[in-house]
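Heads up: the structure comes next, in structure tokens.
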Amino acid sequence: MSRAIHSLSSHLSRISVIALHAFTQLVRMKVFYFLVVFAIIMIASNFFDLPQHEGPESMGLNVLRSIKSWSLGTMTLFSVVLAIVATALLLPKDVEDRTLYTILAKPVPRLDYLAGKLLGVLMLVFVSLALMNLLMTAVLHIRTGMVMEDQMQMAKTLGWPPDAIAAMKAETLQQGPSWSLQGAVFAVFLRASIMASLALLISTFSSSTLFTTIVSFLIYFIGHFQADARDAYLQAGAAGEGVFARLISLLLSLVLPDFQLFNVIDAVIEGQALPLMMLGKLTLIGLFYAVFFTFASWFIFSEKEF
Amino acid sequence: MKPSLKIGVLTLAVLGFGAARMPFEANLSSELRAAGLTPMPLEIGTRDKIDQTSSAVVLGGLRTLVATFFNLRAFSFFQEQRWDDVAETYRTIVDLAPRTRYYWETGAWHSAYNAASFYLNDSKLAPLRRREAWRSSIIRGRAFLERGIRNNPDDWNLLAYLGFMLSDANKFPAFGDSDATFSAAADAYGKAVKTGKALDFVQRAQLYSLARVKGRELEALALARKLYAIRKNQTPTLKTLLFVLEAYENPKLEMEKRALEIFGTPEASYDALCSHWQRTRERYPVHGVAEALQALEKTLKIDPKNSIFNQPLQSPTMTDDWFSK
């Protein structure tokens with residue numbers, strides 16, 4: 001028993017060392033510069049009133065929705081790009097720097113090496129998302145306060161009844177910072193994690209960084225149609241489709257990840273609440289993919305000669 | 001292990017993993033769709049309408065972001081008074097973000113109010129064409145809003161907005177049959193009330209529409225009595241309609257006495273009933289109002305020169321005036 005615990009702790013310690021090294025390596029590549037772009041977008045979205053219609057009842061409400069929309073949109077793009085490119089870079093860079101040979105010459109299981117590298121990328125994505133989330137929440141909090149102040153002023157001037165004021169307040173708060181919004185950011189992280197683990201799998205047999213990046217992006221985009229393929233397969237009998245079409249849709253739905261599930265972020269931007277249960281199920285799916293792709297990567301990588 | 005064997009094993013593992021997760025993903029996907037947390041797949045028409053860059057962004061799972069940009073584009077079209085482009089853009093926007101009420105309301109408002117007002121005043125068009133363009137813009141706005149309600153049946157705001165549009169004196173002449181229109185407005189307000197989330201004014205608005213439907217006066221009276229029993233509902237319009245509907249139910253009612261019971265004083269009764277008498281464009285029923293006003297004028301010793309019956313009234317069919325210029 002104690003031997004098993006000791007073995008597990010030594011695995012974990014190796015993984016964490018490699019993960020920290022990968023994280024430091026990526027930070028030194030100055031990837032955090034993109035945060036400046038994000039900050040500019042956020043500050044601009046707070047200070048400029050974009051040309052759009054605002055009725056007196058929804059004074060400033062659409063601005064809050066826009067801030068969420070740009071922020072989560074930018075977070076999605078940055079996190080996916082970061083996850084794919086950083087993972088695609090790691091193995092070839094280690095080969096190029098000859099670090100890989102030094103590591104593999106030591107008693108480091110290849111699974112630990114891969115898990116550590118993946119964890120390093122995920123740490124980078126997590127830290128980036130956390131910083132972006134902090135900025136978004138702060139801006140949204142300030143803007144919600146401003147919108148609420150304007151609305152209360154208007155309601156006071158027009159002599160709105162208390163129930164109407166309460167309803168307006170509730171609606172405005174729904175568009176402000178919320179736990180559901182934090183859940184949506186976590187969903188963005190989960191999607192990026194799946195992409196990172198998938199890119200890791202591809203990079204174990206690919207010959208170049210470019211190939212890994214392109215294939216990963218293709219899978220990312222096609223993954224948003226996986227649910228369509230699955231529906232086509234499951235309802236094929238009713239639709240009267242041929243055997244070939246059924247086989248193709250089955251193959252697509254078995255091989256590709258379903259990224260549409262993570263589009264819950266759109267509903268949160270629209271002001272809906274994201275139940276914890278749903279987020280839990282999405283986390284389970286994210287873990288399922290990450291673990292499977294990591295083991296699949298190890299299966300390919302375990303006997304690879306360098 | 002041979003590389004070919006390795007690839008074979010991996011392929012089998014991927015397929016096996018896919019088969020294991022497929023039922024879970026299918027269930028979760030249905031649950032999320034049922035809860036309105038993931039939208040329905042985009043229609044092919046919408047995919048065609050958005051350009052390649054936007055398509056790529058949409059494919060990346062950022063539908064609301066593209067909708068935000070399209071909303072900005074719609075504002076430019078509005079400034080250039082390109083009404084067909086505005087309507088088309090909003091159709092695309094709501095396909096991308098069907099749960100955002102703002103887009104449904106704004107799209108409907110552009111058609112039924114802005115485009116309709118534009119055509120009302122467009123001196124370059126012949127009267128008949130202006131009228132037709134005005135009418136079709138309002139109908140398009142209504143259809144858009146009704147589509148929004150079908151997509152968001154629990155949203156009381158959209159239902160109340162439909163009720164407001166259908167009972168608006170500047171809009172309902174576009175729909176032809178005023179009884180059917182007011183009935184539809186009352187039903188929309190009624191559905192908004194049934195959601196349990198609507199504010200108090202919505203039920204009063206339901207009464208204001210229902211009172212104007214010929215044949216549903218008694219139903220309106222029952223609602224008026226129910227609302228009148230709650231003090232905060234006792235607005236001038238509601239009190240007047242209660243009076244009018246009671247006069248409809250019982251034409252032999254002592255009108256002045258009943259008016260005093262409802263409004264309190266002869267002055268308050270006279271003011272409220274005069275306002276009601278002059279609201280010709282809104283087509284409210286006026287049962288017993290003339291009789292009560294005549295009696296009140298005697299009581300208040302109003303000079304016949306200042307009598308409400310000698311004041312000019314707006315034509316109830318304003319639309320004919322608009323398009324005859």
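Letters A, B, ... go to the chains of the structure tokens in the order shown; residues in each chain start at 1; ligands are counted from 1 in the same order.
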
Per residue of region 131-177 of chain A within 12 Å of region 147-162 of chain B, which atom pair is closest and at what distance in Å (one decimal), using only C-alpha atoms, listed by chain and increasing number, as a Markdown table?
| residue | atom | partner | partner_atom | distance |
| --- | --- | --- | --- | --- |
| A:Ala167 | CA | B:Asn157 | CA | 11.1 |
| A:Met168 | CA | B:Asn157 | CA | 11.5 |
| A:Glu171 | CA | B:Asn157 | CA | 11.4 |

Those residues you just picked out, can you put them in a file as a PDB file, in the first residue's frame with C-alpha atoms?
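Contents of again_35.pdb, freshly written:
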ATOM      1  CA  ALA A 167     -37.894  43.953 -12.427  1.00  0.00           C
ATOM      2  CA  MET A 168     -35.538  46.306 -14.287  1.00  0.00           C
ATOM      3  CA  GLU A 171     -32.837  42.119 -15.493  1.00  0.00           C
TER       4      GLU A 171
END

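Excluding Pro285 (chain B) itself and any same-chain residue fewer than 3 positions from it, the protein and nucleic acid residues within 8 Å of it, counting only C-alpha atoms, are Ala211, Arg212 and Val244 of chain B.
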
File of the preceding selection, N, CA and C atoms, as a compact mmCIF listing (two decimals), in the first residue's frame:
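Once written, result14.txt looks like this:
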# COMPACT_ATOMS: atom_id res chain seq x y z
N ALA B 211 -61.55 45.36 -23.82
CA ALA B 211 -62.74 46.22 -23.79
C ALA B 211 -63.12 46.71 -25.18
N ARG B 212 -62.16 46.70 -26.10
CA ARG B 212 -62.42 47.23 -27.45
C ARG B 212 -62.90 46.15 -28.42
N VAL B 244 -67.88 52.30 -18.38
CA VAL B 244 -68.39 52.07 -19.74
C VAL B 244 -68.93 50.64 -19.87

Q) Between A:Ala229, A:Ile43, A:Leu282, A:Leu111, which one has atoms that come closest to Ser302 (chain A), using only C-alpha atoms? A)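 That would be A:Leu111, the residue with the smallest distance to Ser302 (chain A).
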
Kindly provide the residues of chain B that approach chain A to within 9 Å, each paired with its closest atom pair and their distance in Å to one decimal, based on only C-alpha atoms, listed by chain and increasing number, as a tab-separated table.
residue	atom	partner	partner_atom	distance
B:Met1	CA	A:Glu303	CA	8.3
B:Pro3	CA	A:Ile300	CA	8.9
B:Lys6	CA	A:Ile300	CA	7.4
B:Ile7	CA	A:Ile300	CA	8.4
B:Leu10	CA	A:Ala296	CA	7.0
B:Thr11	CA	A:Val255	CA	8.9
B:Ala13	CA	A:Ala296	CA	8.3
B:Val14	CA	A:Val255	CA	6.2
B:Leu15	CA	A:Leu254	CA	5.6
B:Gly16	CA	A:Leu254	CA	8.0
B:Phe17	CA	A:Leu254	CA	7.6
B:Gly18	CA	A:Leu254	CA	4.1
B:Ala19	CA	A:Leu254	CA	6.1
B:Ala20	CA	A:Leu254	CA	9.0
B:Arg21	CA	A:Ile285	CA	8.3
B:Met22	CA	A:Leu254	CA	7.1
B:Phe24	CA	A:Ile285	CA	8.7
B:Glu25	CA	A:Asp258	CA	7.6
B:Ala26	CA	A:Arg230	CA	7.7
B:Leu28	CA	A:Lys281	CA	7.7
B:Ser29	CA	A:Leu261	CA	6.2
B:Glu31	CA	A:Met278	CA	8.7
B:Leu32	CA	A:Leu261	CA	7.7
B:Gly36	CA	A:Ala267	CA	7.4
B:Leu37	CA	A:Ala267	CA	5.2
B:Thr38	CA	A:Val264	CA	5.4
B:Pro39	CA	A:Ala267	CA	8.0
B:Pro41	CA	A:Asp228	CA	7.6
B:Ala56	CA	A:Phe221	CA	7.9
B:Val57	CA	A:Leu77	CA	9.0
B:Leu59	CA	A:Phe221	CA	5.7
B:Gly60	CA	A:Phe221	CA	5.8
B:Gly61	CA	A:Asn263	CA	5.8
B:Leu62	CA	A:Gly73	CA	6.0
B:Arg63	CA	A:Asp266	CA	6.9
B:Thr64	CA	A:Asp266	CA	5.8
B:Leu65	CA	A:Ser69	CA	5.2
B:Val66	CA	A:Ser69	CA	8.9
B:Thr68	CA	A:Ser66	CA	6.4
B:Asn71	CA	A:Gln52	CA	7.1
B:Leu72	CA	A:Gln52	CA	6.0
B:Ala74	CA	A:Gln52	CA	8.4
B:Phe75	CA	A:Gln52	CA	5.8
B:Ser76	CA	A:Pro51	CA	8.1
B:Ala97	CA	A:Glu270	CA	7.7
B:Arg99	CA	A:Glu270	CA	6.4
B:Thr100	CA	A:Glu270	CA	5.4
B:Arg101	CA	A:Glu270	CA	8.6
B:Tyr102	CA	A:Asn62	CA	7.5
B:Thr106	CA	A:His53	CA	7.5
B:Leu199	CA	A:Ala164	CA	6.5
B:Asp200	CA	A:Asp163	CA	8.1

Q: Excluding region 13-24 of chain A and residues on its chain fewer than 5 positions from it, collect all residues at most 6 Å away from it, counting only C-alpha atoms, and give them as a list in words.
A: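 Final neighbour list, sorted by chain and number: Asp112, Gly116, Lys117, Leu119 and Gly120 of chain A.
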
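Residue neighbourhood of region 294-309 of chain B, excluding near-sequence residues (fewer than 6 positions): Glu254, Met255, Glu256, Lys257, Arg258, Ala259, Leu260, Thr265, Pro266, Glu267, Ala268, Ser269, Tyr270, Asp271, Ala272, Leu273, Cys274, Ser275, His276, Trp277, Gln278 and Gly288 of chain B, at 12 Å, using only C-alpha atoms.
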
Please, could you write that set of residues out with N, CA and C atoms as a CSV table (one decimal), in the first residue's frame?
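Okay, out_27.csv is ready:
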chain,number,residue,atom,x,y,z
B,254,GLU,N,-78.1,54.3,-13.6
B,254,GLU,CA,-78.1,55.7,-13.4
B,254,GLU,C,-76.6,56.2,-13.6
B,255,MET,N,-76.4,56.7,-14.7
B,255,MET,CA,-75.0,57.0,-15.2
B,255,MET,C,-74.3,58.0,-14.3
B,256,GLU,N,-74.9,59.1,-14.0
B,256,GLU,CA,-74.2,60.1,-13.2
B,256,GLU,C,-73.9,59.6,-11.8
B,257,LYS,N,-74.9,58.9,-11.2
B,257,LYS,CA,-74.7,58.3,-9.8
B,257,LYS,C,-73.5,57.3,-9.8
B,258,ARG,N,-73.5,56.5,-10.8
B,258,ARG,CA,-72.4,55.4,-10.9
B,258,ARG,C,-71.0,56.1,-11.1
B,259,ALA,N,-71.1,57.2,-12.0
B,259,ALA,CA,-69.8,57.9,-12.2
B,259,ALA,C,-69.3,58.5,-10.9
B,260,LEU,N,-70.2,59.0,-10.2
B,260,LEU,CA,-69.7,59.6,-8.9
B,260,LEU,C,-69.2,58.6,-7.9
B,265,THR,N,-65.9,62.6,-7.2
B,265,THR,CA,-66.5,63.9,-7.3
B,265,THR,C,-67.0,64.2,-8.7
B,266,PRO,N,-68.0,65.1,-8.8
B,266,PRO,CA,-68.4,65.5,-10.2
B,266,PRO,C,-67.3,66.0,-11.1
B,267,GLU,N,-66.4,66.8,-10.5
B,267,GLU,CA,-65.3,67.3,-11.3
B,267,GLU,C,-64.4,66.2,-11.8
B,268,ALA,N,-64.0,65.3,-10.9
B,268,ALA,CA,-63.1,64.2,-11.3
B,268,ALA,C,-63.9,63.3,-12.4
B,269,SER,N,-65.2,63.1,-12.2
B,269,SER,CA,-65.9,62.3,-13.1
B,269,SER,C,-65.9,63.0,-14.5
B,270,TYR,N,-66.2,64.3,-14.5
B,270,TYR,CA,-66.3,65.0,-15.7
B,270,TYR,C,-65.0,65.0,-16.5
B,271,ASP,N,-63.9,65.2,-15.7
B,271,ASP,CA,-62.5,65.2,-16.4
B,271,ASP,C,-62.2,63.9,-17.0
B,272,ALA,N,-62.4,62.8,-16.2
B,272,ALA,CA,-62.1,61.5,-16.7
B,272,ALA,C,-63.0,61.1,-17.9
B,273,LEU,N,-64.2,61.4,-17.9
B,273,LEU,CA,-65.1,61.0,-19.0
B,273,LEU,C,-64.9,61.9,-20.2
B,274,CYS,N,-64.5,63.2,-20.0
B,274,CYS,CA,-64.2,64.0,-21.1
B,274,CYS,C,-63.0,63.5,-21.9
B,275,SER,N,-61.9,63.1,-21.1
B,275,SER,CA,-60.7,62.6,-21.7
B,275,SER,C,-61.1,61.3,-22.5
B,276,HIS,N,-61.9,60.5,-22.0
B,276,HIS,CA,-62.3,59.2,-22.6
B,276,HIS,C,-63.1,59.6,-23.9
B,277,TRP,N,-63.9,60.5,-23.8
B,277,TRP,CA,-64.8,60.9,-25.0
B,277,TRP,C,-63.9,61.4,-26.1
B,278,GLN,N,-62.8,62.0,-25.8
B,278,GLN,CA,-61.9,62.6,-26.9
B,278,GLN,C,-60.9,61.6,-27.4
B,288,GLY,N,-72.8,54.8,-22.4
B,288,GLY,CA,-73.2,55.6,-21.2
B,288,GLY,C,-72.4,56.9,-21.0

Q. Hey, which of A:Val243, A:Val37, A:Leu129, A:Met136 ends up closest to Ser79 (chain A)? Count only C-alpha atoms.
A.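 Among A:Val243, A:Val37, A:Leu129, A:Met136, it is A:Leu129 that comes nearest to Ser79 (chain A).
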
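We find CA of Thr99 (chain A) and CA of Val125 (chain A) to be spaced 22.9 Å apart.
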
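CA of Leu100 (chain A) sits 22.6 Å away from CA of Ser9 (chain A).
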
Q) region 145-155 of chain A: which residues within 10 Å, counting only C-alpha atoms, same-chain residues fewer than 5 positions away excluded, as a ChimeraX atom specification? A) /A:56-61,63-64,139-140,160-162,164-165,168-169,172-173,176

Q | Nearest to Thr137 (chain A) by atom-to-atom distance, counting only C-alpha atoms, from A:Leu247, A:Ala232, A:Leu181, A:Leu279 | A | A:Leu181

(Q) Residues near Phe189 (chain A), anyone? I mean within 10 Å using only C-alpha atoms, not counting same-chain ones fewer than 4 positions away, as a list of chain:residue names. (A)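 Result of the neighbour search: A:Met75, A:Thr76, A:Ser79, A:Val80, A:Ala83, A:Leu122, A:Val125, A:Phe126, A:Ser128, A:Leu129, A:Ala130, A:Gly183, A:Ala184, A:Val185, A:Ser193, A:Ile194, A:Met195, A:Phe262, A:Thr283, A:Gly286.
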
**Q.** Distance criterion (only C-alpha atoms): nearest to Thr212 (chain A) out of A:Ile84, A:Ala290, A:Ile103, A:Met277
**A.**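 For Thr212 (chain A), the nearest of the given residues is A:Ile84.
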